[in-house]
$ cat my_file37.csv   # CSV, C-alpha atoms and all ligand atoms
chain,number,residue,atom,x,y,z
A,244,MET,CA,54.3,-0.8,11.4
A,245,ASN,CA,51.2,-1.9,9.4
A,246,LYS,CA,49.2,0.9,7.7
A,247,PRO,CA,45.5,1.0,7.3
A,248,THR,CA,44.3,-0.6,4.0
A,249,PHE,CA,40.8,1.0,4.2
A,250,ASP,CA,39.4,4.4,3.4
A,251,ILE,CA,39.8,6.3,6.6
A,252,SER,CA,36.9,8.7,5.8
A,253,SER,CA,34.5,5.7,5.4
A,254,VAL,CA,34.1,4.8,9.0
A,255,ALA,CA,32.2,6.4,12.0
A,256,THR,CA,34.6,7.7,14.7
A,257,PRO,CA,35.7,6.8,17.2
A,258,CYS,CA,36.1,3.2,16.1
A,259,TYR,CA,38.4,0.2,16.2
A,260,VAL,CA,39.1,-1.4,12.9
A,261,THR,CA,40.7,-4.8,12.8
A,262,GLU,CA,42.1,-6.0,9.5
A,263,GLU,CA,41.8,-9.6,8.4
A,264,CYS,CA,44.9,-9.4,6.2
A,265,TYR,CA,47.1,-8.5,9.1
A,266,LEU,CA,45.6,-11.1,11.4
A,267,LYS,CA,46.1,-13.7,8.7
A,268,LYS,CA,49.8,-12.7,8.4
A,269,ASN,CA,50.3,-13.2,12.1
A,270,CYS,CA,48.4,-16.5,12.2
A,271,GLU,CA,50.6,-17.8,9.3
A,272,ILE,CA,53.7,-17.1,11.3
A,273,LEU,CA,52.3,-18.8,14.4
A,274,LYS,CA,51.1,-21.8,12.4
A,275,LYS,CA,54.5,-22.3,10.9
A,276,VAL,CA,55.9,-22.6,14.5
A,277,GLN,CA,53.3,-25.3,15.2
A,278,ASP,CA,54.1,-27.1,11.9
A,279,ASP,CA,57.9,-26.9,12.4
A,280,THR,CA,57.9,-28.2,16.0
A,281,GLY,CA,54.6,-30.0,16.7
A,282,CYS,CA,53.8,-27.5,19.5
A,283,LYS,CA,50.3,-26.1,20.0
A,284,ILE,CA,49.6,-22.4,20.1
A,285,LEU,CA,46.5,-21.0,21.8
A,286,LEU,CA,44.9,-17.5,21.5
A,287,ALA,CA,45.0,-15.8,25.0
A,288,GLN,CA,41.6,-14.2,24.8
A,289,LYS,CA,42.3,-11.6,27.4
A,290,ALA,CA,44.3,-9.6,24.8
A,291,PHE,CA,41.8,-10.0,21.9
A,292,SER,CA,38.3,-11.4,22.2
A,293,MET,CA,36.8,-10.1,19.0
A,294,TYR,CA,35.1,-13.3,18.3
A,295,SER,CA,33.9,-12.3,14.8
A,296,ALA,CA,37.6,-13.1,13.8
A,297,TYR,CA,37.6,-16.5,15.6
A,298,PRO,CA,36.6,-18.4,12.5
A,299,LEU,CA,39.7,-17.1,10.8
A,300,ILE,CA,42.1,-17.6,13.7
A,301,SER,CA,40.8,-21.1,14.5
A,302,GLY,CA,41.9,-22.1,11.0
A,303,TYR,CA,45.5,-21.7,12.2
A,304,LEU,CA,45.7,-22.1,16.0
A,305,SER,CA,44.9,-25.0,18.3
A,306,GLY,CA,42.5,-23.4,20.6
A,307,THR,CA,42.0,-20.6,23.2
A,308,THR,CA,43.0,-19.9,26.7
A,309,ALA,CA,40.8,-18.1,29.2
A,310,SER,CA,41.3,-16.1,32.4
A,311,GLY,CA,38.0,-17.4,33.9
A,312,LEU,CA,34.5,-18.5,33.2
A,313,TYR,CA,33.3,-16.0,30.6
A,314,GLU,CA,36.4,-16.2,28.4
A,315,ALA,CA,36.3,-19.9,28.6
A,316,ARG,CA,32.7,-20.0,27.5
A,317,LEU,CA,33.4,-17.5,24.6
A,318,GLY,CA,36.3,-19.7,23.4
A,319,TYR,CA,34.2,-22.8,23.6
A,320,GLU,CA,31.2,-21.3,21.8
A,321,TYR,CA,32.9,-19.3,19.1
A,322,PHE,CA,36.4,-20.7,18.6
A,323,GLY,CA,36.0,-24.5,19.2
A,324,LYS,CA,39.1,-26.7,19.3
A,325,GLU,CA,40.8,-26.8,22.7
A,326,THR,CA,39.7,-24.6,25.6
A,327,HIS,CA,42.2,-23.9,28.4
A,328,VAL,CA,41.8,-21.8,31.5
A,329,PHE,CA,44.0,-20.3,34.2
A,330,SER,CA,42.8,-18.5,37.3
A,331,PRO,CA,44.7,-17.6,40.5
A,332,ALA,CA,41.8,-19.2,42.4
A,333,TYR,CA,38.5,-20.9,41.4
A,334,SER,CA,35.3,-20.9,43.4
A,335,ASP,CA,33.4,-24.2,43.6
A,336,SER,CA,30.5,-22.9,41.6
A,337,GLU,CA,32.7,-21.3,38.9
A,338,ILE,CA,34.9,-24.3,38.3
A,339,THR,CA,31.9,-26.6,38.0
A,340,GLU,CA,30.6,-24.4,35.2
A,341,ILE,CA,34.0,-23.9,33.6
A,342,ALA,CA,34.3,-27.7,33.4
A,343,LYS,CA,31.4,-27.6,30.9
A,344,TYR,CA,33.7,-25.6,28.5
A,345,ALA,CA,37.3,-26.2,29.3
A,346,GLY,CA,39.4,-29.4,28.8
A,347,HIS,CA,42.6,-28.0,30.3
A,348,PHE,CA,42.9,-26.4,33.7
A,349,VAL,CA,45.9,-24.5,35.0
A,350,PHE,CA,46.0,-24.2,38.8
A,351,ASN,CA,47.9,-21.6,40.8
A,352,SER,CA,49.1,-24.3,43.2
A,353,VAL,CA,48.9,-28.0,44.0
A,354,ARG,CA,46.7,-27.0,46.9
A,355,GLN,CA,44.2,-25.3,44.5
A,356,PHE,CA,44.2,-28.4,42.4
A,357,ALA,CA,43.6,-30.6,45.5
A,358,MET,CA,40.7,-28.4,46.6
A,359,HIS,CA,39.0,-28.9,43.2
A,360,ARG,CA,40.1,-32.4,42.3
A,361,GLU,CA,36.5,-33.7,42.0
A,362,ALA,CA,35.4,-31.0,39.6
A,363,VAL,CA,38.2,-31.6,37.2
A,364,LYS,CA,38.2,-35.4,37.0
A,365,ASN,CA,39.1,-36.5,33.5
A,366,LYS,CA,40.5,-33.0,32.6
A,367,ARG,CA,44.1,-32.2,31.9
A,368,CYS,CA,45.5,-30.4,34.9
A,369,LEU,CA,48.6,-28.2,35.1
A,370,ILE,CA,50.3,-26.4,38.0
A,371,ARG,CA,51.6,-22.9,37.4
A,372,VAL,CA,55.1,-22.6,38.7
A,373,ASN,CA,57.1,-19.4,39.2
A,374,PRO,CA,60.9,-19.6,38.7
A,375,ARG,CA,61.1,-16.1,40.2
A,376,PHE,CA,63.5,-15.2,37.4
A,377,SER,CA,62.7,-11.7,36.2
A,378,THR,CA,63.7,-10.9,32.6
A,379,GLN,CA,61.9,-7.6,32.3
A,380,GLU,CA,62.6,-4.2,33.8
A,381,GLY,CA,60.4,-1.2,33.9
A,382,HIS,CA,56.8,-2.3,34.3
A,383,ALA,CA,56.6,-4.2,37.6
A,384,ILE,CA,52.8,-4.7,37.3
A,385,TYR,CA,53.5,-6.9,34.3
A,386,ASP,CA,56.2,-9.0,36.0
A,387,PRO,CA,54.9,-12.1,37.6
A,388,CYS,CA,58.4,-12.9,38.9
A,389,ALA,CA,58.5,-9.8,41.2
A,390,LYS,CA,59.0,-10.4,44.9
A,391,GLY,CA,55.7,-11.2,46.6
A,392,SER,CA,54.1,-12.4,43.4
A,393,ARG,CA,50.9,-14.3,43.9
A,394,LEU,CA,51.1,-16.0,40.5
A,395,GLY,CA,52.4,-19.5,40.5
A,396,GLN,CA,54.4,-21.5,43.0
A,397,THR,CA,58.1,-21.2,43.7
A,398,LEU,CA,60.0,-24.5,43.9
A,399,ALA,CA,59.9,-24.5,47.7
A,400,SER,CA,56.2,-23.9,47.9
A,401,PHE,CA,55.5,-26.5,45.1
A,402,GLU,CA,57.5,-29.1,47.0
A,403,GLU,CA,55.8,-28.3,50.3
A,404,ASP,CA,52.4,-28.9,48.6
A,405,VAL,CA,53.6,-32.0,46.8
A,406,SER,CA,54.6,-33.5,50.1
A,407,LYS,CA,51.1,-32.9,51.4
A,408,TYR,CA,48.9,-33.6,48.4
A,409,GLY,CA,51.1,-35.7,46.0
A,410,LEU,CA,51.2,-35.3,42.2
A,411,ASP,CA,48.5,-37.7,41.3
A,412,GLY,CA,46.3,-36.3,38.6
A,413,ILE,CA,48.7,-33.6,37.5
A,414,ASP,CA,49.6,-33.7,33.9
A,415,GLY,CA,52.1,-30.9,33.6
A,416,LEU,CA,53.5,-27.5,34.5
A,417,HIS,CA,52.8,-24.0,33.3
A,418,PHE,CA,54.9,-20.9,33.5
A,419,HIS,CA,54.1,-17.3,32.4
A,420,THR,CA,56.8,-14.7,33.1
A,421,LEU,CA,57.2,-12.7,29.9
A,422,CYS,CA,55.6,-9.6,28.5
A,423,GLU,CA,56.3,-8.4,24.9
A,424,GLN,CA,59.7,-10.3,25.0
A,425,ASN,CA,61.9,-12.0,22.5
A,426,SER,CA,63.1,-15.7,22.6
A,427,ASP,CA,66.4,-15.0,24.3
A,428,ASP,CA,64.4,-14.2,27.4
A,429,LEU,CA,62.3,-17.3,27.0
A,430,LYS,CA,65.4,-19.4,26.7
A,431,ARG,CA,67.0,-18.0,29.9
A,432,THR,CA,63.6,-18.5,31.7
A,433,ALA,CA,63.2,-22.0,30.4
A,434,GLU,CA,66.7,-22.9,31.6
A,435,GLN,CA,65.7,-21.8,35.1
A,436,VAL,CA,62.4,-23.7,35.0
A,437,GLU,CA,64.3,-26.8,33.9
A,438,LYS,CA,67.0,-26.3,36.5
A,439,GLN,CA,64.4,-26.0,39.3
A,440,PHE,CA,61.5,-28.2,38.1
A,441,GLY,CA,63.2,-30.6,35.6
A,442,LYS,CA,63.0,-33.6,37.9
A,443,TYR,CA,59.2,-33.3,38.0
A,444,LEU,CA,58.9,-32.9,34.2
A,445,LYS,CA,60.3,-36.4,33.6
A,446,ASN,CA,57.0,-37.9,34.7
A,447,MET,CA,54.7,-35.4,33.1
A,448,ASN,CA,53.1,-35.0,29.7
A,449,VAL,CA,52.6,-31.2,29.1
A,450,ILE,CA,54.5,-27.9,29.5
A,451,ASN,CA,52.9,-24.6,28.8
A,452,PHE,CA,55.2,-21.6,28.2
A,453,GLY,CA,52.5,-19.0,28.9
A,454,GLY,CA,52.3,-15.8,26.8
A,455,GLY,CA,54.3,-12.7,26.4
A,456,HIS,CA,56.1,-14.1,23.3
A,457,HIS,CA,56.2,-11.3,20.7
A,458,ILE,CA,56.5,-13.9,17.9
A,459,THR,CA,55.0,-11.8,15.2
A,460,ARG,CA,57.2,-8.8,15.8
A,461,GLU,CA,59.6,-8.2,12.9
A,462,ASP,CA,62.8,-8.7,15.0
A,463,TYR,CA,61.6,-11.8,16.8
A,464,ASP,CA,64.0,-14.7,16.7
A,465,ILE,CA,61.8,-17.7,15.8
A,466,ALA,CA,64.8,-20.1,15.5
A,467,THR,CA,65.6,-19.8,19.2
A,468,LEU,CA,61.9,-20.2,20.1
A,469,GLU,CA,61.8,-23.5,18.1
A,470,GLU,CA,65.0,-24.7,19.7
A,471,VAL,CA,63.5,-24.2,23.2
A,472,ILE,CA,60.3,-26.0,22.2
A,473,ARG,CA,62.2,-28.9,20.6
A,474,HIS,CA,64.4,-29.2,23.7
A,475,PHE,CA,61.4,-29.9,26.0
A,476,GLU,CA,59.9,-32.2,23.4
A,477,ASN,CA,63.0,-34.3,23.0
A,478,GLU,CA,64.5,-34.2,26.5
A,479,TYR,CA,61.2,-34.9,28.4
A,480,GLY,CA,58.8,-36.2,25.7
A,481,LEU,CA,56.5,-33.3,26.6
A,482,GLU,CA,53.7,-31.7,24.6
A,483,VAL,CA,54.5,-28.0,24.4
A,484,TYR,CA,51.9,-25.2,24.5
A,485,LEU,CA,52.3,-21.5,24.0
A,486,GLU,CA,49.5,-19.1,24.7
A,487,PRO,CA,50.3,-15.6,23.3
A,488,GLY,CA,47.7,-12.9,23.2
A,489,GLU,CA,49.4,-9.9,21.7
A,490,ALA,CA,51.3,-11.8,19.1
A,491,VAL,CA,48.0,-13.0,17.5
A,492,ALA,CA,46.6,-9.6,16.8
A,493,LEU,CA,49.8,-7.5,17.0
A,494,ASN,CA,49.6,-4.5,14.6
A,495,ALA,CA,46.4,-5.9,13.2
A,496,GLY,CA,44.1,-3.0,13.9
A,497,PHE,CA,43.6,0.7,14.4
A,498,LEU,CA,41.7,3.2,16.4
A,499,VAL,CA,40.3,6.0,14.1
A,500,THR,CA,39.5,9.3,15.8
A,501,THR,CA,38.4,12.8,14.8
A,502,VAL,CA,39.8,16.1,16.1
A,503,LEU,CA,36.9,17.9,17.9
A,504,ASP,CA,38.8,21.1,18.8
A,505,VAL,CA,42.2,22.6,18.9
A,506,ILE,CA,43.3,24.8,21.8
A,507,ASP,CA,45.9,27.5,20.9
A,508,GLY,CA,48.8,26.9,23.4
A,509,LYS,CA,50.9,30.0,22.4
A,510,ILE,CA,49.1,32.3,24.9
A,511,ASN,CA,50.4,30.1,27.8
A,512,GLY,CA,53.8,29.5,26.1
A,513,GLU,CA,52.8,25.9,25.5
A,514,ASN,CA,52.1,23.6,22.6
A,515,ASP,CA,48.7,23.4,20.9
A,516,ILE,CA,46.3,20.8,22.3
A,517,ALA,CA,43.9,18.8,20.2
A,518,ILE,CA,40.8,17.3,21.9
A,519,LEU,CA,39.9,14.0,20.2
A,520,ASP,CA,36.6,12.1,20.2
A,521,ALA,CA,38.5,9.2,21.7
A,522,SER,CA,40.0,8.9,25.2
A,523,ALA,CA,43.2,7.2,26.4
A,524,ALA,CA,41.5,6.5,29.8
A,525,CYS,CA,38.3,4.9,28.2
A,526,HIS,CA,39.4,3.5,24.9
A,527,MET,CA,43.1,2.6,25.1
A,528,PRO,CA,43.8,2.3,28.9
A,529,ASP,CA,47.2,0.7,28.2
A,530,VAL,CA,48.5,3.9,26.8
A,531,LEU,CA,48.3,5.2,30.4
A,532,GLU,CA,48.8,1.9,32.3
A,533,MET,CA,51.7,0.3,30.3
A,534,PRO,CA,52.4,3.1,29.4
A,535,TYR,CA,53.0,3.3,25.7
A,536,ARG,CA,53.0,5.7,22.8
A,537,PRO,CA,50.9,4.7,19.8
A,538,VAL,CA,52.3,5.3,16.3
A,539,ILE,CA,49.9,7.8,14.6
A,540,ILE,CA,49.2,8.0,10.9
A,541,GLN,CA,47.4,10.8,9.1
A,542,PRO,CA,45.0,10.2,6.2
A,543,ASN,CA,47.7,11.3,3.7
A,544,GLY,CA,49.8,8.4,5.0
A,545,ASP,CA,52.3,10.6,6.9
A,546,THR,CA,53.4,9.4,10.3
A,547,ALA,CA,53.2,11.9,13.2
A,548,GLY,CA,56.7,12.8,14.6
A,549,GLU,CA,58.2,13.0,18.0
A,550,PRO,CA,57.7,16.4,19.7
A,551,ASN,CA,59.5,19.2,17.7
A,552,GLU,CA,60.5,16.8,14.9
A,553,LYS,CA,58.0,18.4,12.5
A,554,SER,CA,56.8,22.0,12.4
A,555,VAL,CA,53.8,21.9,14.7
A,556,THR,CA,53.9,20.0,18.0
A,557,VAL,CA,50.4,19.1,19.4
A,558,ARG,CA,49.3,17.4,22.6
A,559,LEU,CA,46.6,14.9,21.9
A,560,GLY,CA,44.0,14.6,24.6
A,561,GLY,CA,40.8,12.7,25.3
A,562,ASN,CA,37.4,14.1,25.7
A,563,THR,CA,37.0,13.3,29.4
A,564,CYS,CA,37.4,15.2,32.7
A,565,LEU,CA,40.6,13.3,33.6
A,566,ALA,CA,43.6,15.7,33.6
A,567,GLY,CA,45.9,12.9,32.6
A,568,ASP,CA,43.7,11.7,29.7
A,569,VAL,CA,46.6,12.4,27.3
A,570,ILE,CA,47.7,10.2,24.5
A,571,GLY,CA,51.0,12.0,24.0
A,572,ASP,CA,52.8,14.9,22.3
A,573,TYR,CA,53.2,14.5,18.6
A,574,SER,CA,54.4,16.8,15.7
A,575,PHE,CA,52.8,17.4,12.3
A,576,ASP,CA,53.7,19.3,9.2
A,577,ARG,CA,50.7,21.5,9.5
A,578,PRO,CA,48.5,22.5,12.4
A,579,LEU,CA,45.6,20.1,13.2
A,580,LYS,CA,42.0,21.4,12.8
A,581,THR,CA,38.5,20.4,13.8
A,582,GLY,CA,37.3,17.5,11.7
A,583,ASP,CA,40.8,16.1,10.9
A,584,ARG,CA,41.1,12.4,11.3
A,585,LEU,CA,44.0,10.5,12.9
A,586,VAL,CA,44.7,6.8,12.9
A,587,LEU,CA,46.3,5.3,16.1
A,588,CYS,CA,48.2,2.1,15.3
A,589,ASP,CA,48.3,-1.3,17.0
A,590,MET,CA,44.9,-0.9,18.7
A,591,SER,CA,43.3,-4.4,18.4
A,592,ILE,CA,45.1,-5.8,21.5
A,593,TYR,CA,44.2,-4.9,25.1
A,594,SER,CA,41.8,-2.2,23.8
A,595,MET,CA,38.4,-3.6,23.1
A,596,VAL,CA,38.7,-6.0,26.0
A,597,LYS,CA,39.7,-3.2,28.5
A,598,ASN,CA,37.6,-0.2,27.4
A,599,ASN,CA,35.1,1.4,29.7
A,600,THR,CA,32.4,4.1,29.8
A,601,PHE,CA,33.9,6.4,32.4
A,602,ASN,CA,32.4,9.9,32.1
A,603,GLY,CA,29.6,8.2,30.2
A,604,MET,CA,31.9,8.1,27.1
A,605,ALA,CA,30.5,6.2,24.2
A,606,LEU,CA,32.4,3.0,23.3
A,607,PRO,CA,34.0,3.0,19.9
A,608,THR,CA,32.3,1.2,17.1
A,609,ILE,CA,33.9,-2.1,16.1
A,610,TYR,CA,34.7,-2.8,12.5
A,611,TYR,CA,36.3,-5.8,10.8
A,612,ASN,CA,37.8,-5.2,7.4
A,613,THR,CA,37.9,-8.4,5.5
A,614,SER,CA,38.5,-9.5,1.9
A,615,LEU,CA,34.7,-9.0,1.4
A,616,GLY,CA,34.8,-5.4,2.5
A,617,MET,CA,34.3,-3.4,5.7
A,618,ARG,CA,31.9,-5.0,8.2
A,619,GLU,CA,30.4,-3.0,11.1
A,620,ILE,CA,30.5,-5.6,13.9
A,621,ARG,CA,28.9,-3.5,16.6
A,622,GLN,CA,27.8,0.0,17.5
A,623,PHE,CA,27.3,1.1,21.1
A,624,GLY,CA,24.8,3.5,22.6
A,625,TYR,CA,23.4,4.9,25.8
A,626,GLU,CA,22.0,1.5,26.8
A,627,ASP,CA,25.4,0.0,26.9
A,628,PHE,CA,26.4,2.6,29.4
A,629,ARG,CA,23.2,2.4,31.4
A,630,ASP,CA,22.8,-1.4,31.5
A,631,ARG,CA,26.1,-2.0,33.3
A,632,LEU,CA,25.1,0.2,36.2
B,701,LIG,C1,48.5,-12.4,29.9
B,701,LIG,C2,48.7,-13.8,29.8
B,701,LIG,C3,48.9,-14.4,28.5
B,701,LIG,C4,49.0,-13.6,27.2
B,701,LIG,O1,50.0,-12.7,27.3
B,701,LIG,P1,50.4,-11.8,26.0
B,701,LIG,O2,51.4,-10.8,26.6
B,701,LIG,O3,49.2,-11.1,25.5
B,701,LIG,O4,51.0,-12.7,25.0
B,701,LIG,C5,49.0,-15.8,28.5
B,701,LIG,N1,48.9,-16.5,29.6
B,701,LIG,C6,48.7,-16.0,30.8
B,701,LIG,C7,48.7,-16.9,32.0
B,701,LIG,C8,48.6,-14.6,30.9
B,701,LIG,O5,48.4,-14.1,32.2
$ encode --input "my_file37.csv" --output "structure tokens"
Amino acid sequence: MNKPTFDISSVATPCYVTEECYLKKNCEILKKVQDDTGCKILLAQKAFSMYSAYPLISGYLSGTTASGLYEARLGYEYFGKETHVFSPAYSDSEITEIAKYAGHFVFNSVRQFAMHREAVKNKRCLIRVNPRFSTQEGHAIYDPCAKGSRLGQTLASFEEDVSKYGLDGIDGLHFHTLCEQNSDDLKRTAEQVEKQFGKYLKNMNVINFGGGHHITREDYDIATLEEVIRHFENEYGLEVYLEPGEAVALNAGFLVTTVLDVIDGKINGENDIAILDASAACHMPDVLEMPYRPVIIQPNGDTAGEPNEKSVTVRLGGNTCLAGDVIGDYSFDRPLKTGDRLVLCDMSIYSMVKNNTFNGMALPTIYYNTSLGMREIRQFGYEDFRDRL
């Protein structure tokens, strides 16, 4: 786990701090995959849209992908290079505007493509397919292969559409079925895609493996990823795209928070509870949704333990009215006290893009720590709360 390289007492809390050195490390790994194989890797902006870092990332990656109009526009305006987009359905007005920014469109079905054929003349168009091959257990809301999924076409549904609308104007296929997974799962998924859709790939130009590849994680098997990429390049002459979000900014940033108060739990026969100036519900919703447990580092460099591992176990909670606004139970060598700071790790992804002002909570300040020093990117105030309502 990457540790903060900045002075934790130097920032206003709560805040997100993204570190250029760690982004760069990730980008170098991704660029090497591109260089080794000739594939193209895009930043999936839905995980990380801190566009002050786009000039750095665009030095390594081939472009961005978007989940709709606003992300497409952001990628076009601030990242440059290629702009791709996927949406389960496009409205007529939206797709006309997206076409000003994006060069590559992924459609959820051949029928969706046929509905919008005119708007995307001269664009590269892909169809999202769904091999209905689940490789993940646990979080069903992140599994596009679950029964009843609305994301991408099964072979039967694809063939039904092809018989009605043909394949004219379609450049390739897209599949996205993974979430925080290694390349063994990609390999098994790709074999399924090939088995089911291989006969169509022979006449196509592009395949997009979607996101969910945890390429920059320490134990990720890059050799197997490259083997799968090369297989599609060599067997079908396809241009291969990957569009990871997490992997680009994995472990590249932190959320720094201050303890506002500590409730003595002994009286109720429970652990102490620390109320933080940050909220799981507002500032790191994936802690509750995914759910996951962030690694926590103290200013002295110590890592907080599992409950009862160290001498004092404390429940860390947010400063909202939601009973479940709890980050987790952690243990420390000494009791926490008002004013103590804590650093929550891996907080650049799916945090800034998902936060909210529930309870009128202030949004955390955004910092970018670069080789030129700490930059405050944006502070938020009352107006940011008011002006959305
Ligand atoms: C979510 C998503 C991604 C990025 O996923 P990560 O898990 O952040 O790598 C890429 N493509 C599509 C279609 C997605 O829905």
$ closest_residue --input "my_file37.csv" --among "A:Ala433, A:Ile506, A:Ala290, A:Val569" --to "A:Cys525" --atoms "all atoms listed in the file"
A:Val569
$ closest_residue --input "my_file37.csv" --among "A:Asn562, A:Ser301, A:Asn269, A:Thr581" --to "A:Glu461" --atoms "all atoms listed in the file"
A:Asn269
$ residues_near_ligand --input "my_file37.csv" --ligand "ligand LIG 701 (chain B)" --cutoff "6 Å" --atoms "all atoms listed in the file" --output "NGL selection string"
:A and (287 or 290 or 419 or 422-423 or 453-456 or 486-490)
$ residues_around --input "my_file37.csv" --residues "A:Ser594" --least-positions-apart "3" --cutoff "9 Å" --atoms "only C-alpha atoms" --output "list in words"
Tyr259, Ala290, Phe291, His526, Met527, Pro528, Asp529, Met590, Ser591, Lys597 and Asn598 of chain A
$ write_last_selection --input "my_file37.csv" --atoms "C-alpha atoms" --output "mmCIF file, in the coordinates of the input"
data_model
loop_
_atom_site.group_PDB
_atom_site.id
_atom_site.type_symbol
_atom_site.label_atom_id
_atom_site.label_comp_id
_atom_site.auth_asym_id
_atom_site.auth_seq_id
_atom_site.Cartn_x
_atom_site.Cartn_y
_atom_site.Cartn_z
ATOM 1 C CA TYR A 259 38.400 0.200 16.200
ATOM 2 C CA ALA A 290 44.300 -9.600 24.800
ATOM 3 C CA PHE A 291 41.800 -10.000 21.900
ATOM 4 C CA HIS A 526 39.400 3.500 24.900
ATOM 5 C CA MET A 527 43.100 2.600 25.100
ATOM 6 C CA PRO A 528 43.800 2.300 28.900
ATOM 7 C CA ASP A 529 47.200 0.700 28.200
ATOM 8 C CA MET A 590 44.900 -0.900 18.700
ATOM 9 C CA SER A 591 43.300 -4.400 18.400
ATOM 10 C CA LYS A 597 39.700 -3.200 28.500
ATOM 11 C CA ASN A 598 37.600 -0.200 27.400
#
$ atom_distance --input "my_file37.csv" --atom1 "atom CA of A:Asp568" --atom2 "atom CA of A:Ser522"
6.5 Å
$ residues_around --input "my_file37.csv" --residues "A:Gln435" --least-positions-apart "2" --cutoff "12 Å" --atoms "all atoms listed in the file" --output "PDB file with C-alpha atoms, in the frame of the given file"
ATOM      1  CA  VAL A 372      55.100 -22.600  38.700  1.00  0.00           C
ATOM      2  CA  ASN A 373      57.100 -19.400  39.200  1.00  0.00           C
ATOM      3  CA  PRO A 374      60.900 -19.600  38.700  1.00  0.00           C
ATOM      4  CA  ARG A 375      61.100 -16.100  40.200  1.00  0.00           C
ATOM      5  CA  PHE A 376      63.500 -15.200  37.400  1.00  0.00           C
ATOM      6  CA  SER A 377      62.700 -11.700  36.200  1.00  0.00           C
ATOM      7  CA  THR A 378      63.700 -10.900  32.600  1.00  0.00           C
ATOM      8  CA  THR A 397      58.100 -21.200  43.700  1.00  0.00           C
ATOM      9  CA  LEU A 398      60.000 -24.500  43.900  1.00  0.00           C
ATOM     10  CA  PHE A 418      54.900 -20.900  33.500  1.00  0.00           C
ATOM     11  CA  THR A 420      56.800 -14.700  33.100  1.00  0.00           C
ATOM     12  CA  ASP A 428      64.400 -14.200  27.400  1.00  0.00           C
ATOM     13  CA  LEU A 429      62.300 -17.300  27.000  1.00  0.00           C
ATOM     14  CA  LYS A 430      65.400 -19.400  26.700  1.00  0.00           C
ATOM     15  CA  ARG A 431      67.000 -18.000  29.900  1.00  0.00           C
ATOM     16  CA  THR A 432      63.600 -18.500  31.700  1.00  0.00           C
ATOM     17  CA  ALA A 433      63.200 -22.000  30.400  1.00  0.00           C
ATOM     18  CA  GLU A 437      64.300 -26.800  33.900  1.00  0.00           C
ATOM     19  CA  LYS A 438      67.000 -26.300  36.500  1.00  0.00           C
ATOM     20  CA  GLN A 439      64.400 -26.000  39.300  1.00  0.00           C
ATOM     21  CA  PHE A 440      61.500 -28.200  38.100  1.00  0.00           C
ATOM     22  CA  GLY A 441      63.200 -30.600  35.600  1.00  0.00           C
TER      23      GLY A 441
END
